[in-house]
Amino acid sequence: MENQSRKPCIAYLNRMKPYLLMVALQFGSAGMYIISMFTLNHGMSRYVLVVYRNAVATLAMAPFALLLERKGRPKLTLSIFLKIMALGFLEPILDQNLAYLGMQYTSASYTSAIMNAVPAVTFVMAVIFRLEHVKMKEARTQAKIIGTLVTFSGALLMTFYKGPAIHIMHSHQANHDANSSSNKHWVVGTILILIGCSAWSAFYILQSIVIEAYPAELSLATLICLMGTVQSAAVGLVADRKPSSWSIGWNSRLLAPVYTGIVSSGVAYYVQGLVMKTRGPVFVTAFNPLCMVIVAALASLIIAEQLHLGSIIGAVIIAVGLYSVAWGKSKDRMGSAPSPSTSEEKSDAYQLPISAESTELVMEGSNQDDVRKTAKSKVATK
């Protein structure tokens, strides 16, 4: 009886697992924005932060990858290795460096809001590289195009219109000197963040391709972080040669690499790859607005960051465009359901595990078929 009562709970948890993982990931990502902004404002080099972040992520993920995937790890071919190097360049090098620089020019909440443009940028890039087929007469295509235009209009609004400051919690204690200096680079910071969004979108597209050829999430996340460490170290040693920039202590200069490395790089890559196998890349990016709300509240409370009316309106517009694109992509997934001739393993990669009750029904049905076949054979022999 206890096993029977537990089966519905287990099935429900299996269905909710992707949602719970993505919500938890957004809380972790929000902490990354706050801690990184605080550390960069206190003089840490963004190049050094990127190197240490990916080094910590590699060290944190490597033991789990070696132990848990030592038997099921596929062969690492040259083609997969080159793609992993490209992943290490797109996210750790381009996205992280440009996002950190853009965040210094603007704010943490502003950066997290602009990052919601990633699904729209992903759609545009998929169309350019012919990974996305556009059929103007279909409602799902119209939703994706309209959502993309709405998203970019929200980003433009946030770029060219700041509006009056909105005082929330402790934001009235903000440092006005920092705000005045960031005003001079607001447009430049937005452009840098949008370039980072493009790199992140390319990372999502390439990661979804690599995860099919190399379905070992922990190993893939570790290799991405390792490649990011090597490449970012080469860039950092050229861009910042001061020994003092590379020194860390028992303060935020240590907390930022450890937190962002473990949570935002190692764990995030693993969770994204895990959820992407069952729900696709659009499902992963659809939870980004939650991170924006959390960052806005924490930034105002912890680092006394000011919110502006233009940022709030633009963020809402971007969120509307995001969900329009996500709706169109969800219709794509429903329309491209696998045919019965496709292999069972391939279909499992896009569906959540079935519950134990359904498997029992299948077993019972097969047993009844066996009984009927044996009865017919006995009648035939008589």
# chains A, B, ... in the order shown; residues from 1 in each chain; ligands from 1
$ residues_around --residues "Tyr19 (chain A)" --least-positions-apart "3" --cutoff "12 Å" --atoms "only C-alpha atoms" --output "list in words"
Tyr12, Leu13, Asn14, Arg15, Met16, Met22, Val23, Ala24, Leu25, Gln26, Val271, Gln272, Leu274, Val275, Met276, Thr278, Arg279, Phe283, Val284, Thr285, Ala286, Phe287 and Leu352 of chain A
$ residues_around --residues "Gly189 (chain A)" --least-positions-apart "4" --cutoff "9 Å" --atoms "only C-alpha atoms" --output "ChimeraX atom specification"
/A:98-99,101-106,111,159,182,185,193-194
$ closest_residue --among "A:Gly314, A:Gly72, A:Gly163, A:Gly280" --to "Leu218 (chain A)" --atoms "only C-alpha atoms"
A:Gly72
$ select_by_dssp --residues "region 81-247 of chain A" --states "alpha helix (DSSP H)" --output "PyMOL selection string"
chain A and resi 81-88+96-105+108-114+118-128+139-160+176-183+186-213+217-239
$ closest_atom_pairs --of "region 243-294 of chain A" --to "region 55-66 of chain A" --cutoff "12 Å" --atoms "only C-alpha atoms" --output "CSV"
residue,atom,partner,partner_atom,distance
A:Leu254,CA,A:Val56,CA,10.5
A:Leu255,CA,A:Val56,CA,10.9
A:Ala256,CA,A:Val56,CA,10.4
A:Pro257,CA,A:Val56,CA,6.8
A:Val258,CA,A:Val56,CA,6.0
A:Tyr259,CA,A:Val56,CA,8.8
A:Thr260,CA,A:Ala57,CA,8.1
A:Gly261,CA,A:Ala57,CA,4.3
A:Ile262,CA,A:Ala57,CA,4.9
A:Val263,CA,A:Ala57,CA,8.1
A:Ser264,CA,A:Ala57,CA,8.6
A:Ser265,CA,A:Ala57,CA,6.0
A:Gly266,CA,A:Ala57,CA,4.8
A:Val267,CA,A:Met61,CA,7.9
A:Ala268,CA,A:Ala57,CA,10.0
A:Tyr269,CA,A:Ala57,CA,9.8
A:Tyr270,CA,A:Met61,CA,9.0
$ atom_distance --atom1 "CA of Tyr323 (chain A)" --atom2 "CA of Leu206 (chain A)"
22.1 Å
$ closest_residue --among "A:Asn116, A:Ser45, A:Ser198, A:Ser324" --to "Ile145 (chain A)" --atoms "only C-alpha atoms"
A:Ser324
$ closest_residue --among "A:Leu87, A:Met44, A:Leu21, A:Ala143" --to "Leu226 (chain A)" --atoms "only C-alpha atoms"
A:Leu87
$ closest_residue --among "A:Leu192, A:Gln306, A:Pro74, A:Thr141" --to "Ala216 (chain A)" --atoms "only C-alpha atoms"
A:Pro74
$ atom_distance --atom1 "CA of Leu156 (chain A)" --atom2 "CA of His308 (chain A)"
14.5 Å
$ residues_around --residues "Ala296 (chain A)" --least-positions-apart "5" --cutoff "10 Å" --atoms "only C-alpha atoms" --output "count of residues only"
15
